[in-house]
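Coordinates from query34.cif are shown below (mmCIF, C-alpha atoms and all ligand atoms).
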data_run
loop_
_atom_site.label_atom_id
_atom_site.label_comp_id
_atom_site.auth_asym_id
_atom_site.auth_seq_id
_atom_site.Cartn_x
_atom_site.Cartn_y
_atom_site.Cartn_z
CA MET D 509 0.00 0.00 0.00
CA LYS D 510 1.36 3.39 -1.02
CA ASN D 511 0.68 6.63 0.86
CA ILE D 512 0.17 9.61 -1.43
CA ALA D 513 -0.47 13.20 -0.30
CA VAL D 514 -1.81 16.19 -2.20
CA LEU D 515 -1.66 19.92 -1.50
CA THR D 516 -2.55 23.16 -3.26
CA SER D 517 -0.22 26.11 -2.88
CA GLY D 518 0.16 29.77 -3.94
CA GLY D 519 -2.65 31.69 -5.64
CA ASP D 520 -5.66 29.46 -6.21
CA SER D 521 -7.07 28.86 -9.70
CA PRO D 522 -10.34 27.47 -11.05
CA GLY D 523 -9.85 23.77 -11.69
CA MET D 524 -7.71 23.04 -8.63
CA ASN D 525 -10.64 21.11 -7.14
CA ALA D 526 -11.01 19.06 -10.32
CA ALA D 527 -7.29 18.24 -10.05
CA ILE D 528 -7.64 17.21 -6.37
CA ARG D 529 -10.59 14.99 -7.35
CA ALA D 530 -8.54 13.32 -10.06
CA VAL D 531 -5.61 12.76 -7.68
CA VAL D 532 -7.81 11.28 -4.94
CA ARG D 533 -9.82 8.99 -7.19
CA THR D 534 -6.86 7.79 -9.28
CA SER D 535 -4.94 7.00 -6.08
CA ILE D 536 -7.81 4.98 -4.62
CA TYR D 537 -8.42 3.25 -7.97
CA ASN D 538 -4.81 2.12 -7.84
CA GLY D 539 -5.05 0.85 -4.27
CA ALA D 540 -3.12 3.70 -2.64
CA LYS D 541 -4.02 5.66 0.49
CA ILE D 542 -4.53 9.35 -0.16
CA TYR D 543 -4.04 12.26 2.26
CA GLY D 544 -4.94 15.92 1.84
CA ILE D 545 -2.55 18.51 3.27
CA LYS D 546 -4.33 21.74 4.26
CA ARG D 547 -3.07 25.23 3.36
CA GLY D 548 -0.16 24.20 1.16
CA PHE D 549 3.34 23.84 2.60
CA ASN D 550 2.09 25.55 5.75
CA GLY D 551 -0.08 22.53 6.50
CA LEU D 552 2.80 20.18 5.77
CA ILE D 553 5.03 21.97 8.27
CA HIS D 554 2.30 21.85 10.92
CA GLY D 555 1.01 18.35 10.24
CA ASP D 556 -2.42 19.61 9.13
CA VAL D 557 -3.21 16.42 7.27
CA ILE D 558 -6.49 14.53 6.65
CA GLU D 559 -7.08 11.16 5.10
CA MET D 560 -9.34 11.42 2.04
CA ASN D 561 -11.77 8.97 0.46
CA LEU D 562 -13.98 8.81 -2.63
CA SER D 563 -16.66 10.99 -1.02
CA SER D 564 -14.18 13.67 0.10
CA VAL D 565 -14.09 14.87 -3.50
CA ALA D 566 -17.75 14.37 -4.42
CA ASP D 567 -19.51 17.42 -5.87
CA ILE D 568 -16.38 19.54 -6.32
CA ILE D 569 -15.46 19.23 -10.02
CA HIS D 570 -17.46 22.36 -10.83
CA ARG D 571 -16.35 24.46 -7.87
CA GLY D 572 -13.79 27.26 -7.94
CA GLY D 573 -11.19 27.71 -5.19
CA THR D 574 -9.61 24.72 -3.47
CA ILE D 575 -11.21 22.52 -0.81
CA LEU D 576 -7.74 22.00 0.67
CA ARG D 577 -7.25 25.78 1.02
CA THR D 578 -3.99 27.38 -0.01
CA ALA D 579 -1.27 29.66 1.32
CA ARG D 580 1.98 31.35 0.44
CA CYS D 581 4.29 29.99 3.15
CA GLU D 582 7.41 31.96 4.02
CA GLU D 583 8.54 29.55 6.75
CA PHE D 584 8.85 26.77 4.20
CA GLN D 585 11.49 28.82 2.39
CA THR D 586 13.84 28.58 5.39
CA ALA D 587 16.10 25.56 6.06
CA GLU D 588 14.26 24.94 9.37
CA GLY D 589 10.85 25.10 7.69
CA LEU D 590 11.92 22.68 4.98
CA GLN D 591 13.27 20.26 7.60
CA LYS D 592 9.99 20.43 9.55
CA ALA D 593 8.14 19.54 6.32
CA VAL D 594 10.46 16.58 5.72
CA ASN D 595 9.90 15.39 9.31
CA ILE D 596 6.10 15.51 8.92
CA ALA D 597 6.31 13.66 5.59
CA ASP D 598 8.32 10.95 7.41
CA VAL D 599 5.89 10.81 10.33
CA PHE D 600 2.97 10.18 7.96
CA ASP D 601 5.11 7.84 5.90
CA PHE D 602 4.27 9.61 2.64
CA ASP D 603 5.65 7.82 -0.41
CA GLY D 604 5.04 10.92 -2.48
CA ILE D 605 3.44 14.36 -2.51
CA ILE D 606 1.55 15.96 -5.39
CA VAL D 607 1.92 19.73 -5.38
CA ILE D 608 -0.69 21.71 -7.33
CA GLY D 609 0.41 25.31 -7.88
CA GLY D 610 2.59 27.70 -9.84
CA ASP D 611 6.32 28.34 -10.13
CA GLY D 612 6.85 29.19 -6.44
CA SER D 613 5.12 25.97 -5.43
CA PHE D 614 7.26 23.99 -7.87
CA ARG D 615 10.40 25.49 -6.32
CA GLY D 616 9.20 24.24 -2.95
CA ALA D 617 8.44 20.80 -4.40
CA ARG D 618 11.89 20.69 -5.98
CA GLU D 619 13.51 21.36 -2.59
CA LEU D 620 11.47 18.58 -0.99
CA SER D 621 12.47 16.19 -3.79
CA LYS D 622 16.12 17.02 -3.16
CA LYS D 623 15.57 15.99 0.48
CA GLY D 624 14.32 12.58 -0.65
CA ILE D 625 10.55 13.22 -0.55
CA ALA D 626 9.17 12.19 -3.93
CA CYS D 627 7.21 15.09 -5.44
CA ILE D 628 5.25 15.63 -8.64
CA GLY D 629 4.02 19.10 -9.67
CA VAL D 630 0.69 19.90 -11.33
CA PRO D 631 0.52 23.40 -12.88
CA GLY D 632 -2.31 25.35 -11.26
CA THR D 633 -2.26 29.10 -11.85
CA ILE D 634 -4.35 31.55 -13.84
CA ASP D 635 -1.15 33.24 -15.07
CA ASN D 636 -0.16 30.65 -17.72
CA ASP D 637 3.44 31.61 -17.03
CA LEU D 638 5.11 28.18 -17.01
CA ALA D 639 7.02 27.67 -20.24
CA TYR D 640 7.19 23.86 -20.20
CA THR D 641 3.40 23.48 -20.56
CA ASP D 642 1.12 25.01 -23.19
CA PHE D 643 -1.54 25.72 -20.57
CA THR D 644 -1.90 25.87 -16.80
CA ILE D 645 -5.07 24.92 -14.92
CA GLY D 646 -7.27 27.98 -14.39
CA PHE D 647 -6.00 30.11 -17.26
CA ASP D 648 -8.84 29.29 -19.64
CA THR D 649 -11.49 30.07 -17.01
CA ALA D 650 -9.78 33.35 -16.13
CA VAL D 651 -9.70 34.34 -19.81
CA ASN D 652 -13.42 33.60 -20.11
CA THR D 653 -14.15 35.62 -16.98
CA VAL D 654 -12.22 38.57 -18.41
CA LEU D 655 -14.04 38.15 -21.72
CA ASP D 656 -17.39 38.33 -19.97
CA ALA D 657 -16.24 41.50 -18.23
CA ILE D 658 -15.04 43.02 -21.53
CA ASN D 659 -18.49 42.42 -23.07
CA LYS D 660 -20.22 44.18 -20.19
CA ILE D 661 -17.76 47.03 -19.93
CA ARG D 662 -18.01 47.57 -23.69
CA ASP D 663 -21.78 48.19 -23.41
CA THR D 664 -21.46 51.10 -21.05
CA THR D 665 -18.22 52.35 -22.62
CA THR D 666 -20.03 52.58 -25.97
CA SER D 667 -23.07 54.35 -24.49
CA HIS D 668 -20.82 57.01 -23.02
CA GLU D 669 -18.36 57.09 -25.93
CA ARG D 670 -15.45 56.66 -23.58
CA ILE D 671 -12.22 54.74 -23.33
CA SER D 672 -11.97 51.87 -20.85
CA ILE D 673 -8.76 50.45 -19.52
CA ILE D 674 -9.23 46.98 -18.06
CA GLU D 675 -6.37 45.86 -15.81
CA VAL D 676 -5.96 42.10 -15.64
CA MET D 677 -3.78 39.74 -13.58
CA GLY D 678 -0.94 37.56 -14.83
CA ARG D 679 2.00 38.71 -12.71
CA ASN D 680 4.82 39.08 -15.30
CA SER D 681 2.91 37.29 -18.02
CA GLY D 682 0.73 39.01 -20.61
CA ASP D 683 -1.20 35.87 -21.61
CA ILE D 684 -4.48 36.71 -19.87
CA ALA D 685 -4.46 40.15 -21.53
CA LEU D 686 -3.48 38.70 -24.91
CA TYR D 687 -6.04 35.88 -25.08
CA SER D 688 -8.96 37.84 -23.64
CA GLY D 689 -7.99 40.92 -25.65
CA LEU D 690 -7.96 38.99 -28.93
CA ALA D 691 -11.22 37.20 -28.09
CA GLY D 692 -12.86 40.42 -26.93
CA GLY D 693 -11.72 42.59 -29.83
CA ALA D 694 -9.78 45.02 -27.63
CA GLU D 695 -8.42 48.08 -29.44
CA SER D 696 -5.08 47.85 -27.62
CA ILE D 697 -3.38 45.10 -25.65
CA ILE D 698 -0.51 46.15 -23.42
CA VAL D 699 1.70 43.40 -22.03
CA PRO D 700 5.10 43.18 -20.30
CA GLU D 701 6.55 41.15 -23.18
CA VAL D 702 6.15 43.93 -25.79
CA GLU D 703 7.37 47.50 -25.39
CA TYR D 704 4.80 50.22 -25.85
CA THR D 705 4.59 53.99 -25.68
CA CYS D 706 1.66 56.09 -24.53
CA ASP D 707 1.94 57.97 -27.85
CA ASP D 708 1.32 54.74 -29.80
CA VAL D 709 -1.75 54.01 -27.70
CA CYS D 710 -3.04 57.57 -28.15
CA LYS D 711 -2.47 57.42 -31.91
CA ARG D 712 -4.57 54.26 -32.19
CA LEU D 713 -7.29 55.83 -30.05
CA LEU D 714 -7.44 58.93 -32.25
CA GLN D 715 -7.42 56.89 -35.45
CA GLY D 716 -10.37 54.89 -34.12
CA LYS D 717 -12.24 58.01 -33.07
CA ASN D 718 -11.67 59.67 -36.46
CA ARG D 719 -13.22 56.77 -38.27
CA GLY D 720 -16.28 56.83 -36.02
CA LYS D 721 -15.54 54.35 -33.23
CA LEU D 722 -17.81 54.95 -30.26
CA HIS D 723 -15.54 53.37 -27.69
CA SER D 724 -12.13 51.86 -27.13
CA ILE D 725 -11.14 49.01 -24.86
CA ILE D 726 -7.54 48.76 -23.69
CA LEU D 727 -6.42 45.53 -22.03
CA LEU D 728 -3.53 46.18 -19.64
CA ALA D 729 -1.59 43.34 -18.01
CA GLU D 730 -0.74 44.09 -14.37
CA GLY D 731 2.95 43.36 -15.03
CA VAL D 732 3.22 46.56 -17.10
CA GLY D 733 2.04 48.94 -14.39
CA LYS D 734 -1.03 50.63 -12.98
CA ALA D 735 -4.08 51.30 -15.16
CA THR D 736 -4.85 54.50 -13.24
CA LYS D 737 -1.46 55.96 -14.24
CA LEU D 738 -1.99 55.13 -17.90
CA ALA D 739 -5.50 56.61 -17.78
CA GLU D 740 -4.11 59.88 -16.46
CA GLU D 741 -1.39 59.95 -19.12
CA ILE D 742 -3.88 59.37 -21.93
CA HIS D 743 -6.27 62.01 -20.60
CA ASN D 744 -3.48 64.55 -20.22
CA LYS D 745 -2.22 63.90 -23.75
CA ILE D 746 -5.40 63.80 -25.81
CA GLY D 747 -8.13 64.94 -23.41
CA MET D 748 -10.35 61.89 -23.97
CA GLU D 749 -12.44 60.54 -21.09
CA VAL D 750 -10.93 57.34 -19.68
CA ARG D 751 -12.35 54.93 -17.08
CA VAL D 752 -10.46 52.16 -15.31
CA THR D 753 -11.71 48.73 -14.23
CA ILE D 754 -9.37 46.50 -12.22
CA LEU D 755 -10.77 42.98 -12.38
CA GLY D 756 -8.64 41.60 -9.50
CA TYR D 757 -9.90 38.50 -7.71
CA LEU D 758 -12.88 38.08 -10.05
CA GLN D 759 -10.35 36.35 -12.29
CA ARG D 760 -9.34 33.75 -9.72
CA GLY D 761 -12.86 32.63 -8.78
CA GLY D 762 -15.77 30.91 -10.44
CA SER D 763 -16.68 27.55 -11.84
CA PRO D 764 -13.90 26.13 -14.04
CA SER D 765 -14.46 25.90 -17.80
CA ALA D 766 -14.76 22.52 -19.52
CA PHE D 767 -11.20 22.98 -20.78
CA ASP D 768 -9.82 23.49 -17.27
CA ARG D 769 -11.78 20.58 -15.80
CA ILE D 770 -10.51 18.23 -18.49
CA LEU D 771 -6.94 19.51 -18.18
CA ALA D 772 -7.06 19.19 -14.38
CA SER D 773 -8.48 15.66 -14.60
CA ARG D 774 -5.81 14.51 -17.05
CA LEU D 775 -2.92 16.13 -15.19
CA GLY D 776 -4.08 15.01 -11.74
CA ALA D 777 -4.40 11.41 -12.88
CA ARG D 778 -0.99 11.48 -14.59
CA ALA D 779 0.66 12.89 -11.46
CA VAL D 780 -0.53 9.89 -9.44
CA GLU D 781 0.61 7.44 -12.14
CA ALA D 782 4.01 9.13 -12.17
CA LEU D 783 4.42 8.69 -8.40
CA LEU D 784 3.28 5.07 -8.55
CA GLN D 785 5.87 4.45 -11.26
CA GLY D 786 8.55 5.75 -8.91
CA GLU D 787 9.07 9.14 -10.57
CA SER D 788 9.98 12.24 -8.58
CA GLY D 789 11.15 15.81 -9.17
CA GLN D 790 8.91 16.22 -12.23
CA ALA D 791 6.14 18.56 -13.27
CA VAL D 792 3.35 17.25 -15.48
CA GLY D 793 1.98 19.43 -18.26
CA ILE D 794 0.39 19.48 -21.68
CA ARG D 795 2.09 20.03 -25.04
CA ASP D 796 0.25 19.71 -28.35
CA ASN D 797 -2.62 18.09 -26.42
CA LYS D 798 -0.32 15.36 -25.07
CA ILE D 799 0.36 14.96 -21.37
CA ILE D 800 4.09 15.27 -20.70
CA SER D 801 6.43 15.56 -17.75
CA GLU D 802 9.52 17.69 -17.29
CA ASP D 803 12.20 17.88 -14.58
CA PHE D 804 11.45 20.66 -12.10
CA GLY D 805 14.84 22.20 -12.87
CA LYS D 806 14.17 22.43 -16.60
CA ALA D 807 10.50 23.34 -16.17
CA LEU D 808 11.49 26.29 -14.01
CA GLU D 809 14.40 27.44 -16.15
CA MET D 810 12.60 27.36 -19.51
CA LYS D 811 11.77 30.82 -20.82
CA LYS D 812 8.26 31.29 -22.06
CA THR D 813 7.88 32.47 -25.65
CA PHE D 814 5.23 35.13 -25.99
CA ASN D 815 2.84 34.46 -28.85
CA THR D 816 3.71 37.44 -31.04
CA ASP D 817 1.62 36.05 -33.95
CA MET D 818 -1.50 36.31 -31.83
CA TYR D 819 -0.44 39.73 -30.60
CA GLU D 820 0.09 41.04 -34.15
CA LEU D 821 -3.20 39.50 -35.28
CA ALA D 822 -5.07 41.26 -32.47
CA LYS D 823 -3.49 44.51 -33.62
CA ILE D 824 -4.47 43.99 -37.25
CA LEU D 825 -8.04 43.02 -36.41
CA SER D 826 -8.62 46.04 -34.20
CA ILE D 827 -7.53 48.77 -36.61
O1 LIG D 901 -0.35 34.02 -9.46
C1 LIG D 901 -1.71 34.28 -9.46
C2 LIG D 901 -1.97 35.71 -9.10
O2 LIG D 901 -3.37 35.92 -9.09
C3 LIG D 901 -1.29 36.76 -9.97
O3 LIG D 901 -1.94 36.96 -11.19
C4 LIG D 901 -1.31 37.97 -9.06
O4 LIG D 901 -0.27 38.86 -9.40
C5 LIG D 901 -1.07 37.34 -7.70
O5 LIG D 901 -1.49 35.99 -7.80
C6 LIG D 901 -1.80 38.00 -6.57
O6 LIG D 901 -1.48 37.33 -5.40
P1 LIG D 901 -2.18 37.57 -3.98
O7 LIG D 901 -3.57 37.04 -4.06
O8 LIG D 901 -1.34 36.82 -3.02
O9 LIG D 901 -2.15 39.05 -3.78
#

Go through the file and emit its structure as structure tokens.
Amino acid sequence: MKNIAVLTSGGDSPGMNAAIRAVVRTSIYNGAKIYGIKRGFNGLIHGDVIEMNLSSVADIIHRGGTILRTARCEEFQTAEGLQKAVNIADVFDFDGIIVIGGDGSFRGARELSKKGIACIGVPGTIDNDLAYTDFTIGFDTAVNTVLDAINKIRDTTTSHERISIIEVMGRNSGDIALYSGLAGGAESIIVPEVEYTCDDVCKRLLQGKNRGKLHSIILLAEGVGKATKLAEEIHNKIGMEVRVTILGYLQRGGSPSAFDRILASRLGARAVEALLQGESGQAVGIRDNKIISEDFGKALEMKKTFNTDMYELAKILSI
């Protein structure tokens, strides 16, 4: 009998529950015992562990958030914290831990692996900022949430013939802005990966106005800077009325999309299989619709290529 544990860590993302469900049920299907660790690495350090069964994950595939809760744990980043985590893993006799989270969580999992605790990472973050995988769990839902917001903001922006800047999350990644901006027909998409000037943005706004556009939507990724600052700059330069909407936590909540539920189910199941096959120090992901795994070291070092084709297309289509 194998003892497997699962935790969610860092910022939550829609689909984490679907991933937990897949981990729990695949473990039990394969005759393993499965434990849930509460509040990420914090719960591991403090022994906040529960045994899970088939019913523990009933009725959660459609729910946002994470039933295991999550945390960003500073103590775990110290040598003492890491050792406490190793001790607890030994006490519970874990044969492996599945860590669902983003890059920070994978760094933690890599450290645990180095200490001899087998770990497999499952990418759960709305940011889509892990280069080794085409998509992370939660990104698609976040994009759809932003898209819904764009549609609503466009209605009132048009009525008032204004400009709206919508600030979206993503940390240093512009993917949420890019995908939702292309899907929502935004007039400008501003991301950390591509340099921009306020003059360029203003020029596009004036060109649109001169050919009769009633509104303009600008998608701004948070990694570039504050939407309120850009709004002020635009107003000071060309005198147009600008409103700002910061979508914030709206983007991290809500029922996961079909895409995220399927991705989470496939990745969660593969993570368990990987542990049962004796693998460790790997992150599972998806490339060209195939489930893959990559060493934590490589997965964390790889530099993400920004999709400039999509970016240019969005520009062309919003002239
Ligand atoms: O990594 C997910 C994310 O939502 C980022 O997009 C954002 O920058 C960050 O987390 C916010 O973190 P917190 O909720 O801890 O403020």

Using only C-alpha atoms and all ligand atoms, I'd like a table of the residues in chain D that come within 9 Å of ligand LIG 901 (chain D); for each, show the closest atom pair and its distance in Å rounded to one decimal, ordered by chain and ascending number, as JSON lines.
{"residue": "D:Gly518", "atom": "CA", "partner": "D:LIG901", "partner_atom": "O1", "distance": 7.0}
{"residue": "D:Gly519", "atom": "CA", "partner": "D:LIG901", "partner_atom": "C1", "distance": 4.7}
{"residue": "D:Asp520", "atom": "CA", "partner": "D:LIG901", "partner_atom": "C1", "distance": 7.0}
{"residue": "D:Ser521", "atom": "CA", "partner": "D:LIG901", "partner_atom": "C1", "distance": 7.6}
{"residue": "D:Ala579", "atom": "CA", "partner": "D:LIG901", "partner_atom": "O8", "distance": 8.4}
{"residue": "D:Arg580", "atom": "CA", "partner": "D:LIG901", "partner_atom": "O8", "distance": 7.3}
{"residue": "D:Gly609", "atom": "CA", "partner": "D:LIG901", "partner_atom": "O1", "distance": 8.9}
{"residue": "D:Gly610", "atom": "CA", "partner": "D:LIG901", "partner_atom": "O1", "distance": 7.0}
{"residue": "D:Asp611", "atom": "CA", "partner": "D:LIG901", "partner_atom": "O1", "distance": 8.8}
{"residue": "D:Thr633", "atom": "CA", "partner": "D:LIG901", "partner_atom": "C1", "distance": 5.7}
{"residue": "D:Ile634", "atom": "CA", "partner": "D:LIG901", "partner_atom": "C1", "distance": 5.8}
{"residue": "D:Asp635", "atom": "CA", "partner": "D:LIG901", "partner_atom": "O3", "distance": 5.4}
{"residue": "D:Asn636", "atom": "CA", "partner": "D:LIG901", "partner_atom": "O1", "distance": 8.9}
{"residue": "D:Asp637", "atom": "CA", "partner": "D:LIG901", "partner_atom": "O1", "distance": 8.8}
{"residue": "D:Val676", "atom": "CA", "partner": "D:LIG901", "partner_atom": "O3", "distance": 7.9}
{"residue": "D:Met677", "atom": "CA", "partner": "D:LIG901", "partner_atom": "O3", "distance": 4.1}
{"residue": "D:Gly678", "atom": "CA", "partner": "D:LIG901", "partner_atom": "O3", "distance": 3.8}
{"residue": "D:Arg679", "atom": "CA", "partner": "D:LIG901", "partner_atom": "O4", "distance": 4.0}
{"residue": "D:Asn680", "atom": "CA", "partner": "D:LIG901", "partner_atom": "O4", "distance": 7.8}
{"residue": "D:Ser681", "atom": "CA", "partner": "D:LIG901", "partner_atom": "O3", "distance": 8.4}
{"residue": "D:Glu730", "atom": "CA", "partner": "D:LIG901", "partner_atom": "O4", "distance": 7.2}
{"residue": "D:Gly731", "atom": "CA", "partner": "D:LIG901", "partner_atom": "O4", "distance": 7.9}
{"residue": "D:Gly756", "atom": "CA", "partner": "D:LIG901", "partner_atom": "O2", "distance": 7.8}
{"residue": "D:Tyr757", "atom": "CA", "partner": "D:LIG901", "partner_atom": "O2", "distance": 7.2}
{"residue": "D:Gln759", "atom": "CA", "partner": "D:LIG901", "partner_atom": "O2", "distance": 7.7}
{"residue": "D:Arg760", "atom": "CA", "partner": "D:LIG901", "partner_atom": "O2", "distance": 6.4}

Notebook entry, point to check: Which of these, D:Ile742, D:Ala540, D:Val792, D:Ala772, has the shortest distance to D:Phe804 once you count only C-alpha atoms?
Noted result: D:Val792

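Counting only C-alpha atoms and comparing D:Glu695, D:Asp567, D:Glu740, D:Asp683, the residue that lies closest to D:Leu825 is D:Glu695.
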
Check: With distances taken over all atoms listed in the file, which of D:Lys711, D:Lys811, D:His723, D:Lys798 is nearest to D:Ala694?
Finding: D:His723

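Atom CA of D:Ser696 lies 15.4 Å from atom CA of D:Lys734.
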
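Every protein, DNA or RNA residue with an atom at most 12 Å from D:Asp656, where all atoms listed in the file count and chain neighbours fewer than 2 positions away do not, is listed here: Thr649, Ala650, Val651, Asn652, Thr653, Val654, Ile658, Asn659, Lys660, Ile661, Arg662, Asp663, Ser688, Gly689, Ala691, Gly692, Leu755, Leu758 and Gln759 of chain D.
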
Notebook entry, point to check: In file coordinates, which residues lie within 9 Å of (-13.4, 19.6, -6.5) using all atoms listed in the file, given as a ChimeraX atom specification?
Noted result: /D:523-530,564-575

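Protein, DNA and RNA residues at most 7 Å from (3.5, 19.6, -7.6), with all atoms listed in the file, are these: Ile606, Val607, Ile608, Gly609, Ser613, Phe614, Ala617, Cys627, Ile628, Gly629, Val630 and Ala791 of chain D.
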
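Note that atom CA of D:Arg577 and atom CA of D:Ser788 are 23.9 Å apart.
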
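We find atom CA of D:Gly646 and atom CA of D:Asn550 to be spaced 22.3 Å apart.
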